[in-house]
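The file coords-v5.txt comes next; it holds compact mmCIF, C-alpha atoms and all ligand atoms.
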# COMPACT_ATOMS: atom_id res chain seq x y z
CA MET K 1 14.06 215.71 140.91
CA GLU K 2 10.35 216.08 141.72
CA ILE K 3 9.33 217.68 144.99
CA PRO K 4 5.56 217.63 145.49
CA LEU K 5 4.34 221.21 145.03
CA SER K 6 0.84 222.65 144.78
CA LYS K 7 -0.54 223.56 141.37
CA ASP K 8 -0.23 227.24 142.28
CA ALA K 9 3.44 226.84 143.23
CA ARG K 10 4.15 224.95 139.99
CA THR K 11 2.57 227.75 137.96
CA TRP K 12 4.65 230.42 139.70
CA GLN K 13 7.75 228.25 139.41
CA ARG K 14 7.29 228.17 135.63
CA ILE K 15 6.63 231.93 135.41
CA ALA K 16 9.72 232.77 137.49
CA ARG K 17 11.89 230.33 135.57
CA GLU K 18 10.91 231.88 132.23
CA TYR K 19 11.62 235.33 133.64
CA ALA K 20 15.01 234.28 135.03
CA ASP K 21 16.00 232.56 131.78
CA GLU K 22 14.85 235.28 129.42
CA TYR K 23 15.34 238.52 131.34
CA LEU K 24 18.14 237.94 133.84
CA GLN K 25 20.56 235.15 133.04
CA PRO K 26 21.70 236.49 129.64
CA HIS K 27 23.10 239.59 131.42
CA GLU K 28 25.11 237.88 134.17
CA VAL K 29 28.56 238.07 132.64
CA ALA K 30 28.11 241.63 131.40
CA ALA K 31 27.07 242.63 134.94
CA GLU K 32 30.01 240.78 136.48
CA LEU K 33 32.49 242.56 134.24
CA ASN K 34 30.86 245.97 134.82
CA GLU K 35 30.74 246.29 138.63
CA GLY K 36 27.30 244.67 138.68
CA GLU K 37 25.78 247.44 136.55
CA LEU K 38 23.63 246.87 133.46
CA PRO K 39 22.58 249.45 130.88
CA ALA K 40 19.69 251.53 132.27
CA ASP K 41 17.26 250.30 129.60
CA VAL K 42 17.94 246.65 130.50
CA THR K 43 17.40 247.31 134.22
CA ALA K 44 14.20 249.23 133.45
CA ARG K 45 12.90 246.44 131.21
CA ASN K 46 13.64 243.78 133.84
CA LYS K 47 11.93 245.84 136.53
CA SER K 48 8.82 246.59 134.51
CA ARG K 49 8.43 242.94 133.49
CA ALA K 50 8.77 241.88 137.15
CA ILE K 51 6.04 244.35 138.12
CA GLU K 52 3.85 243.15 135.25
CA LEU K 53 4.23 239.56 136.45
CA GLY K 54 3.23 240.61 139.97
CA PHE K 55 6.53 239.84 141.73
CA THR K 56 6.33 243.09 143.74
CA ALA K 57 3.00 242.01 145.25
CA ILE K 58 3.38 238.29 145.95
CA ASP K 59 3.34 238.79 149.73
CA VAL K 60 0.86 241.69 149.78
CA PRO K 61 -2.62 241.01 151.23
CA GLU K 62 -5.43 240.83 148.68
CA SER K 63 -7.23 243.50 150.72
CA HIS K 64 -4.51 245.92 149.54
CA GLY K 65 -4.47 244.78 145.93
CA GLY K 66 -1.77 242.14 146.33
CA LEU K 67 -1.57 238.49 145.30
CA GLU K 68 -1.20 237.12 148.86
CA LEU K 69 0.52 234.00 147.55
CA PRO K 70 1.13 231.08 149.89
CA MET K 71 4.74 230.96 151.12
CA GLU K 72 5.14 227.73 149.16
CA SER K 73 4.54 229.63 145.91
CA GLN K 74 6.76 232.50 147.04
CA ALA K 75 9.57 230.05 147.75
CA ALA K 76 9.04 228.52 144.30
CA ILE K 77 9.50 231.98 142.74
CA TRP K 78 12.61 232.82 144.76
CA GLU K 79 14.14 229.42 144.06
CA GLN K 80 14.01 230.17 140.33
CA LEU K 81 15.33 233.72 140.76
CA GLY K 82 18.16 232.24 142.84
CA ARG K 83 19.51 230.55 139.70
CA VAL K 84 20.98 233.86 138.54
CA THR K 85 24.14 235.53 139.86
CA ASN K 86 24.99 239.22 140.44
CA ALA K 87 21.68 239.76 142.29
CA LEU K 88 20.07 240.71 139.00
CA SER K 89 16.70 239.68 140.46
CA TRP K 90 16.91 242.56 142.92
CA CYS K 91 15.64 244.84 140.18
CA PHE K 92 12.19 245.16 141.81
CA PRO K 93 11.06 246.17 145.30
CA GLU K 94 9.05 243.75 147.42
CA ALA K 95 6.36 244.77 149.88
CA GLN K 96 6.07 242.10 152.58
CA SER K 97 3.00 240.99 154.55
CA TRP K 98 4.37 241.97 157.98
CA MET K 99 4.48 245.60 156.79
CA PHE K 100 0.69 245.53 156.63
CA ASP K 101 0.52 244.47 160.29
CA ALA K 102 3.10 247.05 161.30
CA CYS K 103 2.26 250.20 159.34
CA THR K 104 -0.49 252.78 159.65
CA GLU K 105 -2.74 253.47 156.65
CA GLU K 106 -0.76 256.67 155.96
CA GLN K 107 2.54 254.76 156.05
CA LEU K 108 1.11 252.13 153.72
CA GLN K 109 -0.03 254.80 151.27
CA GLN K 110 3.23 256.73 151.36
CA TYR K 111 5.83 253.94 151.45
CA ILE K 112 4.56 250.39 151.09
CA LEU K 113 1.89 250.41 148.38
CA PRO K 114 4.10 252.45 146.02
CA MET K 115 6.63 249.60 146.24
CA MET K 116 4.11 247.40 144.43
CA ARG K 117 4.17 249.88 141.56
CA GLY K 118 7.95 250.16 141.65
CA GLU K 119 7.78 253.80 142.82
CA GLN K 120 9.49 253.28 146.19
CA LYS K 121 12.37 250.97 147.14
CA ASP K 122 13.40 250.11 150.69
CA CYS K 123 16.58 249.13 152.50
CA TYR K 124 17.30 248.01 156.07
CA ALA K 125 19.53 249.89 158.50
CA ILE K 126 19.74 247.54 161.49
CA THR K 127 23.38 246.42 161.91
CA GLU K 128 25.94 248.64 163.65
CA SER K 129 29.69 248.53 164.17
CA GLY K 130 29.24 246.74 167.53
CA PRO K 131 28.53 243.02 167.42
CA GLY K 132 26.05 242.80 164.54
CA SER K 133 25.07 239.33 165.65
CA ASP K 134 23.69 240.70 168.90
CA VAL K 135 20.77 242.79 167.66
CA SER K 136 19.71 243.39 171.25
CA SER K 137 22.75 245.61 171.83
CA LEU K 138 22.01 248.28 169.20
CA GLU K 139 23.09 251.79 170.13
CA ALA K 140 21.31 254.02 167.60
CA THR K 141 18.73 256.23 169.30
CA ALA K 142 15.43 257.91 168.52
CA ILE K 143 14.45 260.80 170.79
CA LEU K 144 11.00 262.34 170.64
CA ASP K 145 11.12 266.11 170.10
CA GLY K 146 7.64 267.63 169.73
CA ASP K 147 6.00 265.98 166.76
CA THR K 148 9.32 264.71 165.37
CA TYR K 149 11.95 262.12 166.26
CA LEU K 150 15.68 262.84 166.18
CA LEU K 151 17.63 259.83 164.96
CA ASN K 152 21.31 259.29 165.74
CA GLY K 153 23.64 256.38 165.08
CA GLU K 154 25.92 254.63 162.62
CA LYS K 155 24.50 251.86 160.45
CA TRP K 156 26.66 249.35 158.60
CA TYR K 157 26.10 247.23 155.48
CA VAL K 158 22.87 248.93 154.38
CA THR K 159 22.13 246.78 151.33
CA SER K 160 20.74 248.81 148.41
CA GLY K 161 21.30 252.05 150.33
CA ASN K 162 22.53 253.55 147.04
CA LEU K 163 19.28 252.67 145.25
CA ALA K 164 16.64 252.94 147.98
CA THR K 165 14.11 255.73 148.34
CA PHE K 166 13.52 255.00 152.04
CA PHE K 167 15.15 253.22 154.98
CA TRP K 168 13.87 251.01 157.78
CA PHE K 169 15.91 252.30 160.72
CA GLN K 170 16.03 250.34 163.98
CA ALA K 171 16.74 252.39 167.11
CA LYS K 172 16.53 252.38 170.89
CA LEU K 173 14.03 254.68 172.56
CA PRO K 174 15.90 255.70 175.73
CA ASP K 175 12.86 257.63 177.01
CA GLU K 176 10.68 254.51 176.91
CA ASP K 177 13.20 251.72 177.57
CA ASP K 178 12.01 250.22 174.28
CA GLU K 179 13.07 250.09 170.66
CA ALA K 180 11.32 250.52 167.33
CA LEU K 181 11.61 250.69 163.57
CA PHE K 182 11.33 254.04 161.78
CA LEU K 183 10.67 254.97 158.16
CA VAL K 184 13.24 257.46 156.90
CA ASP K 185 13.27 259.06 153.46
CA ALA K 186 16.59 258.69 151.63
CA ASN K 187 18.67 261.87 151.69
CA THR K 188 16.95 263.34 154.74
CA PRO K 189 19.32 266.07 156.06
CA GLY K 190 21.78 264.56 158.56
CA MET K 191 22.22 261.26 156.68
CA GLU K 192 25.71 260.76 155.30
CA VAL K 193 27.50 257.87 153.59
CA ILE K 194 30.75 257.54 155.55
CA ALA K 195 32.05 254.42 153.78
CA ASN K 196 31.15 252.38 150.71
CA PRO K 197 33.37 249.28 150.88
CA LYS K 198 33.68 246.76 148.08
CA PHE K 199 32.56 243.21 148.87
CA SER K 200 33.33 239.77 147.42
CA HIS K 201 30.32 239.74 145.14
CA THR K 202 29.69 242.13 142.24
CA TYR K 203 26.30 243.75 142.81
CA ALA K 204 24.77 247.00 141.63
CA SER K 205 23.26 247.14 145.13
CA HIS K 206 25.98 248.48 147.41
CA HIS K 207 26.21 248.07 151.19
CA PRO K 208 27.28 251.51 152.46
CA THR K 209 27.87 252.63 156.03
CA TYR K 210 25.67 255.57 157.06
CA LEU K 211 25.98 258.15 159.76
CA PHE K 212 22.63 259.43 161.07
CA ASP K 213 23.45 262.73 162.74
CA ASN K 214 20.36 264.39 164.23
CA VAL K 215 18.16 263.18 161.40
CA ARG K 216 14.74 264.68 162.01
CA ILE K 217 11.69 262.72 160.86
CA PRO K 218 7.96 263.07 161.57
CA ALA K 219 6.83 261.24 164.74
CA ALA K 220 4.24 259.58 162.49
CA ASN K 221 7.09 257.63 160.86
CA ARG K 222 7.52 255.43 163.92
CA VAL K 223 6.40 251.90 162.98
CA GLY K 224 4.14 249.81 165.22
CA GLN K 225 2.98 250.29 168.79
CA PRO K 226 4.89 250.87 172.06
CA GLY K 227 6.22 247.50 173.21
CA ASP K 228 6.57 246.06 169.69
CA GLY K 229 10.36 246.37 170.00
CA MET K 230 12.08 244.06 167.53
CA ALA K 231 8.92 242.13 166.58
CA TYR K 232 8.75 243.37 163.00
CA THR K 233 12.48 243.05 162.45
CA HIS K 234 12.08 239.42 163.52
CA SER K 235 9.25 239.02 160.97
CA TRP K 236 11.62 240.34 158.31
CA PHE K 237 14.36 237.94 159.50
CA ARG K 238 12.00 234.94 159.23
CA HIS K 239 10.93 235.89 155.72
CA GLU K 240 14.47 236.52 154.51
CA ARG K 241 15.93 233.40 156.13
CA LEU K 242 13.41 231.23 154.32
CA MET K 243 13.94 233.02 151.01
CA ILE K 244 17.74 232.75 151.36
CA ALA K 245 17.16 228.99 151.55
CA ALA K 246 14.90 229.10 148.48
CA ARG K 247 17.42 231.13 146.47
CA SER K 248 20.21 228.80 147.57
CA CYS K 249 18.21 225.82 146.23
CA GLY K 250 18.01 227.57 142.85
CA ALA K 251 21.74 228.26 142.91
CA MET K 252 22.48 224.63 143.72
CA ALA K 253 20.27 223.38 140.89
CA ARG K 254 21.97 225.68 138.38
CA LEU K 255 25.43 224.66 139.58
CA ILE K 256 24.61 220.97 139.37
CA GLU K 257 23.13 221.32 135.87
CA ASP K 258 26.06 223.35 134.54
CA ALA K 259 28.74 221.22 136.22
CA THR K 260 27.09 218.03 134.92
CA ALA K 261 26.87 219.41 131.38
CA PHE K 262 30.54 220.40 131.56
CA ALA K 263 31.58 217.00 132.93
CA ASN K 264 29.69 215.28 130.10
CA ASP K 265 31.33 217.45 127.41
CA ARG K 266 34.86 217.57 128.77
CA ILE K 267 37.03 214.78 127.41
CA ILE K 268 39.87 213.56 129.61
CA ASP K 269 41.76 210.32 128.92
CA ALA K 270 39.62 209.94 125.76
CA ALA K 271 36.42 209.75 127.78
CA PRO K 272 33.91 212.20 129.27
CA LEU K 273 35.00 213.58 132.62
CA SER K 274 31.63 212.50 134.02
CA GLU K 275 32.76 208.87 133.78
CA LYS K 276 35.33 209.42 136.52
CA GLN K 277 34.06 208.16 139.82
CA ALA K 278 35.68 211.06 141.70
CA ILE K 279 33.49 213.46 139.70
CA GLN K 280 30.40 211.28 140.08
CA PHE K 281 30.83 211.26 143.87
CA MET K 282 30.95 215.05 143.94
CA LEU K 283 27.82 215.30 141.80
CA ALA K 284 26.06 212.67 143.94
CA ASP K 285 26.78 214.64 147.12
CA CYS K 286 25.51 217.82 145.44
CA VAL K 287 22.25 216.23 144.30
CA THR K 288 21.64 214.64 147.70
CA GLU K 289 22.14 217.96 149.45
CA LEU K 290 19.85 219.72 146.98
CA TYR K 291 17.14 217.12 147.60
CA ALA K 292 17.38 217.57 151.38
CA SER K 293 17.45 221.35 150.97
CA ARG K 294 14.36 221.45 148.80
CA LEU K 295 12.39 219.17 151.10
CA MET K 296 13.29 221.31 154.07
CA THR K 297 12.66 224.64 152.33
CA TYR K 298 9.20 223.75 151.11
CA GLU K 299 8.23 222.15 154.41
CA VAL K 300 9.19 225.34 156.29
CA ALA K 301 7.21 227.37 153.74
CA ARG K 302 4.18 225.14 154.25
CA ALA K 303 4.54 225.45 158.03
CA ALA K 304 4.08 229.21 157.55
CA ASP K 305 1.05 228.59 155.31
CA ARG K 306 -0.45 226.26 157.93
CA GLY K 307 0.08 228.94 160.57
CA ASP K 308 2.20 226.72 162.82
CA ASP K 309 3.24 228.16 166.19
CA LEU K 310 5.32 231.32 165.55
CA LYS K 311 8.20 230.36 167.87
CA SER K 312 8.47 227.03 166.13
CA GLN K 313 8.42 228.77 162.73
CA HIS K 314 11.18 231.09 163.92
CA THR K 315 13.40 228.13 164.84
CA ARG K 316 12.64 226.30 161.62
CA CYS K 317 13.55 229.37 159.56
CA SER K 318 16.91 229.35 161.37
CA MET K 319 17.35 225.63 160.66
CA VAL K 320 16.56 225.94 156.97
CA LYS K 321 18.77 229.00 156.55
CA LEU K 322 21.64 227.30 158.37
CA TYR K 323 21.41 223.98 156.56
CA VAL K 324 20.69 225.18 153.03
CA SER K 325 23.15 228.08 152.97
CA GLU K 326 25.94 225.79 154.16
CA ALA K 327 24.94 223.03 151.71
CA ALA K 328 24.93 225.57 148.85
CA ASN K 329 28.46 226.64 149.75
CA ARG K 330 29.62 223.01 149.61
CA VAL K 331 27.91 222.58 146.23
CA ALA K 332 29.58 225.72 144.85
CA ASP K 333 32.97 224.54 146.08
CA ARG K 334 32.54 221.17 144.34
CA ALA K 335 31.29 222.86 141.16
CA VAL K 336 34.44 225.00 140.99
CA GLN K 337 36.50 221.83 141.42
CA ILE K 338 34.65 220.01 138.61
CA PHE K 339 35.21 222.94 136.24
CA GLY K 340 38.91 223.01 137.17
CA GLY K 341 40.74 226.17 136.08
CA ARG K 342 37.66 227.30 134.15
CA GLY K 343 35.78 227.32 137.43
CA TYR K 344 38.11 230.01 138.72
CA MET K 345 37.28 232.43 135.89
CA ARG K 346 34.91 235.28 136.64
CA GLU K 347 32.93 234.40 133.54
CA ASN K 348 32.08 231.04 135.07
CA VAL K 349 28.87 230.62 137.05
CA ALA K 350 30.57 228.43 139.66
CA GLU K 351 33.18 231.10 140.37
CA ARG K 352 30.48 233.75 140.88
CA PHE K 353 28.32 231.58 143.08
CA PHE K 354 31.39 230.48 145.06
CA ARG K 355 31.82 234.12 146.07
CA GLU K 356 28.17 235.09 146.21
CA LEU K 357 26.83 232.25 148.32
CA ARG K 358 29.42 232.87 151.02
CA VAL K 359 27.49 235.81 152.43
CA ASP K 360 24.40 233.67 152.98
CA ARG K 361 26.27 232.16 155.94
CA ILE K 362 26.75 235.67 157.36
CA TRP K 363 23.82 238.01 156.68
CA GLU K 364 20.40 237.70 158.25
CA GLY K 365 22.26 236.19 161.18
CA THR K 366 25.45 234.15 160.87
CA SER K 367 25.46 230.35 160.95
CA GLU K 368 26.62 230.54 164.57
CA VAL K 369 23.67 232.78 165.47
CA GLN K 370 21.24 230.37 163.77
CA ARG K 371 22.78 227.54 165.83
CA LEU K 372 22.28 229.57 169.01
CA ILE K 373 18.61 230.16 168.14
CA ILE K 374 18.07 226.47 167.41
CA ALA K 375 19.87 225.30 170.55
CA ARG K 376 18.04 227.79 172.79
CA SER K 377 14.75 226.67 171.31
CA LEU K 378 15.59 223.02 171.96
CA LEU K 379 16.63 223.74 175.55
CA LYS K 380 13.51 225.84 176.24
CA ARG K 381 10.79 223.91 174.48
CA GLY K 382 12.26 220.47 173.84
CA LEU K 383 12.25 218.59 170.56
CA ASP K 384 8.47 218.38 170.39
CA GLY K 385 8.16 222.17 170.66
CA MET K 386 10.42 222.96 167.72
C1 LIG K 401 27.13 242.01 152.14
C2 LIG K 401 26.41 242.25 153.43
C3 LIG K 401 25.14 242.85 153.38
C4 LIG K 401 24.44 243.10 154.55
N1 LIG K 401 23.23 243.75 154.48
C5 LIG K 401 22.64 244.19 155.62
C6 LIG K 401 21.48 245.03 155.58
O1 LIG K 401 20.94 245.31 154.51
N2 LIG K 401 21.00 245.52 156.73
C7 LIG K 401 21.56 245.22 157.93
O2 LIG K 401 21.07 245.71 158.95
N3 LIG K 401 22.64 244.41 158.02
C8 LIG K 401 23.21 243.89 156.90
N4 LIG K 401 24.32 243.09 156.97
C9 LIG K 401 24.90 242.80 158.27
C10 LIG K 401 24.87 241.34 158.66
O3 LIG K 401 23.58 240.95 159.03
C11 LIG K 401 25.92 241.15 159.78
O4 LIG K 401 27.19 241.23 159.15
C12 LIG K 401 25.78 239.86 160.51
O5 LIG K 401 24.61 239.85 161.28
C13 LIG K 401 26.99 239.60 161.44
O6 LIG K 401 27.29 240.70 162.22
P1 LIG K 401 28.81 241.23 162.28
O7 LIG K 401 29.28 241.39 160.88
O8 LIG K 401 28.88 242.40 163.17
O9 LIG K 401 29.64 240.02 162.90
P2 LIG K 401 29.92 239.78 164.45
O10 LIG K 401 28.66 239.85 165.23
O11 LIG K 401 31.06 240.65 164.86
O12 LIG K 401 30.42 238.28 164.43
C14 LIG K 401 31.77 237.90 164.10
C15 LIG K 401 31.88 236.38 164.26
O13 LIG K 401 31.57 236.03 165.61
C16 LIG K 401 30.53 235.06 165.62
N5 LIG K 401 29.69 235.29 166.79
C17 LIG K 401 29.08 236.46 167.15
N6 LIG K 401 28.38 236.28 168.28
C18 LIG K 401 28.55 234.98 168.64
C19 LIG K 401 28.08 234.18 169.73
N7 LIG K 401 27.29 234.70 170.66
N8 LIG K 401 28.46 232.88 169.78
C20 LIG K 401 29.26 232.37 168.83
N9 LIG K 401 29.76 233.07 167.78
C21 LIG K 401 29.39 234.35 167.68
C22 LIG K 401 29.76 235.30 164.33
O14 LIG K 401 29.04 234.14 163.96
C23 LIG K 401 30.89 235.60 163.39
O15 LIG K 401 31.49 234.40 162.97
C24 LIG K 401 25.02 242.75 155.80
C25 LIG K 401 26.27 242.13 155.83
C26 LIG K 401 26.96 241.88 154.66
C27 LIG K 401 28.30 241.22 154.73

Any chance you could put this one into structure tokens?
Ligand SMILES: Cc1cc2nc3c(=O)[nH]c(=O)nc-3n(C[C@H](O)[C@H](O)[C@H](O)COP(=O)(O)OP(=O)(O)OC[C@H]3O[C@@H](n4cnc5c(N)ncnc54)[C@H](O)[C@@H]3O)c2cc1C
Amino acid sequence: MEIPLSKDARTWQRIAREYADEYLQPHEVAAELNEGELPADVTARNKSRAIELGFTAIDVPESHGGLELPMESQAAIWEQLGRVTNALSWCFPEAQSWMFDACTEEQLQQYILPMMRGEQKDCYAITESGPGSDVSSLEATAILDGDTYLLNGEKWYVTSGNLATFFWFQAKLPDEDDEALFLVDANTPGMEVIANPKFSHTYASHHPTYLFDNVRIPAANRVGQPGDGMAYTHSWFRHERLMIAARSCGAMARLIEDATAFANDRIIDAAPLSEKQAIQFMLADCVTELYASRLMTYEVARAADRGDDLKSQHTRCSMVKLYVSEAANRVADRAVQIFGGRGYMRENVAERFFRELRVDRIWEGTSEVQRLIIARSLLKRGLDGM
């Protein structure tokens, strides 16, 4: 299925595919059966190859030594990495372009640029126990105390908290009637893991709950300017929503390929299973949804490259995340069905994706939240403004 892509995107697609096939996919089952963990030498090899290929710098401005790839090429990379389960592609940190708008030169030197070299790894502490969908009602606080801030609050589902070297911490500033992001070194006194629940998927990256109890950080670790509020968190949301769609496209492609191969090999009633119309209909629906998903994903990526109106980009990132994550869940469900009992085994790719893709309808804003964003945008700006 050919989607028109630039030459640059095609090149990166090939590089990422080779990396996914050679470095990641062979370890999926071992990771699944070992709590998501791989031997340290395998993880180190995967990470160093990713750095060598430049994956840690794809969104970094050239002025800071990065590759500054168009979003189209970045989506092409993440689509290929999305073919692999157990989040094995999360073996490298990724500095993102908005960080270069948000951070001071000192912050860039201390936290962001080292991510390109694999020396720092970040995680995001935004969600709290209150309604996570309503990011405007966060309760964590940052109080200025001399040349430090005191951070307090409870943060839930901090993905990669167990592996990160620093946290992005979103808090209210009661003294300023504002809010901001802060950079917090892992293991700063006052930070405590108060829960580490297990989740449906099997990842080496955990999602612990943290208590921040009078965590004291330098005032210089506040990110951005007064009045920036949630602006940078929204930049992160846009980036992640688009890349969730890209990864979901990769997952769909893998599921369709593997389910088709199985249906061709499996003999039922003395004929390949793929000859049954019931199976063909499922595959046809999967392929159609993948086609729509890819068209949408790459168009939203190109809208970012064109520099379309930011509000319109924000809405489109919600649309692509909503549509593609839900389509991918339908594809995974059909793939399990085509594999039959084998599709319910943990060694089967469809079984893993069936569990793993479910969270894409929840994190980075649930499907309902994406619908609210889209509807509000329609009501405010009309169809032509979206
Ligand atoms: C595995 C995992 C990893 C995560 N990683 C991170 C992370 O790294 N950093 C981070 O900060 N957060 C992270 N999250 C949090 C995630 O973004 C939130 O779970 C998500 O935003 C939903 O918030 P909630 O769980 O509090 O659900 P709630 O807000 O309680 O929502 C519950 C239900 O109500 C619906 N709902 C809520 N409000 C409305 C409304 N106004 N109208 C209609 N329906 C509504 C929701 O769609 C949902 O169906 C992670 C979550 C998971 C599961």

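Taking CA of Ala20 (chain K) as the reference point, CA of Leu81 (chain K) is found at 5.8 Å.
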
Ligand LIG 401 (chain K) neighbours within 7 Å using only C-alpha atoms and all ligand atoms, as a PDB file with C-alpha atoms, keeping the file's coordinate frame:
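Dumped to pocket39.pdb:
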ATOM      1  CA  CYS K 123      16.580 249.130 152.500  1.00  0.00           C
ATOM      2  CA  TYR K 124      17.300 248.010 156.070  1.00  0.00           C
ATOM      3  CA  ALA K 125      19.530 249.890 158.500  1.00  0.00           C
ATOM      4  CA  ILE K 126      19.740 247.540 161.490  1.00  0.00           C
ATOM      5  CA  THR K 127      23.380 246.420 161.910  1.00  0.00           C
ATOM      6  CA  GLU K 128      25.940 248.640 163.650  1.00  0.00           C
ATOM      7  CA  SER K 129      29.690 248.530 164.170  1.00  0.00           C
ATOM      8  CA  GLY K 130      29.240 246.740 167.530  1.00  0.00           C
ATOM      9  CA  PRO K 131      28.530 243.020 167.420  1.00  0.00           C
ATOM     10  CA  GLY K 132      26.050 242.800 164.540  1.00  0.00           C
ATOM     11  CA  SER K 133      25.070 239.330 165.650  1.00  0.00           C
ATOM     12  CA  ASP K 134      23.690 240.700 168.900  1.00  0.00           C
ATOM     13  CA  TRP K 156      26.660 249.350 158.600  1.00  0.00           C
ATOM     14  CA  TYR K 157      26.100 247.230 155.480  1.00  0.00           C
ATOM     15  CA  VAL K 158      22.870 248.930 154.380  1.00  0.00           C
ATOM     16  CA  THR K 159      22.130 246.780 151.330  1.00  0.00           C
ATOM     17  CA  PHE K 199      32.560 243.210 148.870  1.00  0.00           C
ATOM     18  CA  HIS K 207      26.210 248.070 151.190  1.00  0.00           C
ATOM     19  CA  VAL K 359      27.490 235.810 152.430  1.00  0.00           C
ATOM     20  CA  ILE K 362      26.750 235.670 157.360  1.00  0.00           C
ATOM     21  CA  TRP K 363      23.820 238.010 156.680  1.00  0.00           C
ATOM     22  CA  GLU K 364      20.400 237.700 158.250  1.00  0.00           C
ATOM     23  CA  GLY K 365      22.260 236.190 161.180  1.00  0.00           C
ATOM     24  CA  THR K 366      25.450 234.150 160.870  1.00  0.00           C
ATOM     25  CA  SER K 367      25.460 230.350 160.950  1.00  0.00           C
ATOM     26  CA  GLU K 368      26.620 230.540 164.570  1.00  0.00           C
ATOM     27  CA  VAL K 369      23.670 232.780 165.470  1.00  0.00           C
TER      28      VAL K 369
END

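If you measure from each of K:Lys155, K:Arg222, K:Lys121, K:Lys276 to Met191 (chain K) using all atoms listed in the file, the closest one turns out to be K:Lys155.
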
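Closest approach to Cys103 (chain K) from the set K:Pro4, K:Leu183, K:Thr188, K:Leu322 is made by K:Leu183, with distances taken over all atoms listed in the file.
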
Q) Between CA of Gln170 (chain K) and CA of Ile143 (chain K), what is the distance, to one decimal in Å? A) 12.6 Å

Q) Got a sec: who's within 10 Å of region 282-288 of chain K, counting all atoms listed in the file, leaving out chain neighbours fewer than 6 positions off, as JSON, numbers by chain? A) {"K": [1, 252, 253, 255, 256, 257, 259, 260, 263, 274, 327, 328, 330, 331, 332, 333, 334, 335, 337, 338]}

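The list of residues within 12 Å of (8.8, 264.0, 170.2), counted using only C-alpha atoms, is K:Ala142, K:Ile143, K:Leu144, K:Asp145, K:Gly146, K:Asp147, K:Thr148, K:Tyr149, K:Leu150, K:Leu151, K:Leu173, K:Asp175, K:Glu176, K:Arg216, K:Ile217, K:Pro218, K:Ala219, K:Ala220, K:Asn221, K:Arg222.
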
Hey, what's within 12 Å of Glu52 (chain K) if we count only C-alpha atoms and toss same-chain stuff fewer than 6 positions away? As an mmCIF file with C-alpha atoms, in the frame of the given file, please?
data_model
loop_
_atom_site.group_PDB
_atom_site.id
_atom_site.type_symbol
_atom_site.label_atom_id
_atom_site.label_comp_id
_atom_site.auth_asym_id
_atom_site.auth_seq_id
_atom_site.Cartn_x
_atom_site.Cartn_y
_atom_site.Cartn_z
ATOM 1 C CA ILE K 15 6.630 231.930 135.410
ATOM 2 C CA TYR K 19 11.620 235.330 133.640
ATOM 3 C CA ARG K 45 12.900 246.440 131.210
ATOM 4 C CA ASN K 46 13.640 243.780 133.840
ATOM 5 C CA ILE K 58 3.380 238.290 145.950
ATOM 6 C CA PHE K 92 12.190 245.160 141.810
ATOM 7 C CA MET K 116 4.110 247.400 144.430
ATOM 8 C CA ARG K 117 4.170 249.880 141.560
ATOM 9 C CA GLY K 118 7.950 250.160 141.650
#

Q) Do you have the CA of Thr11 (chain K)-CA of Glu79 (chain K) distance handy? A) 13.2 Å

Q) Do you know which residues are at most 8 Å from region 295-310 of chain K counting all atoms listed in the file, after dropping those on the same chain fewer than 4 positions away, and could you put them as a ChimeraX atom specification? A) /K:3,70-72,75,242,245-246,291,314,316-317,320

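When all atoms listed in the file are used to measure the gap to Glu351 (chain K), the shortest distance among K:Arg49, K:His201, K:His234, K:Arg14 belongs to K:His201.
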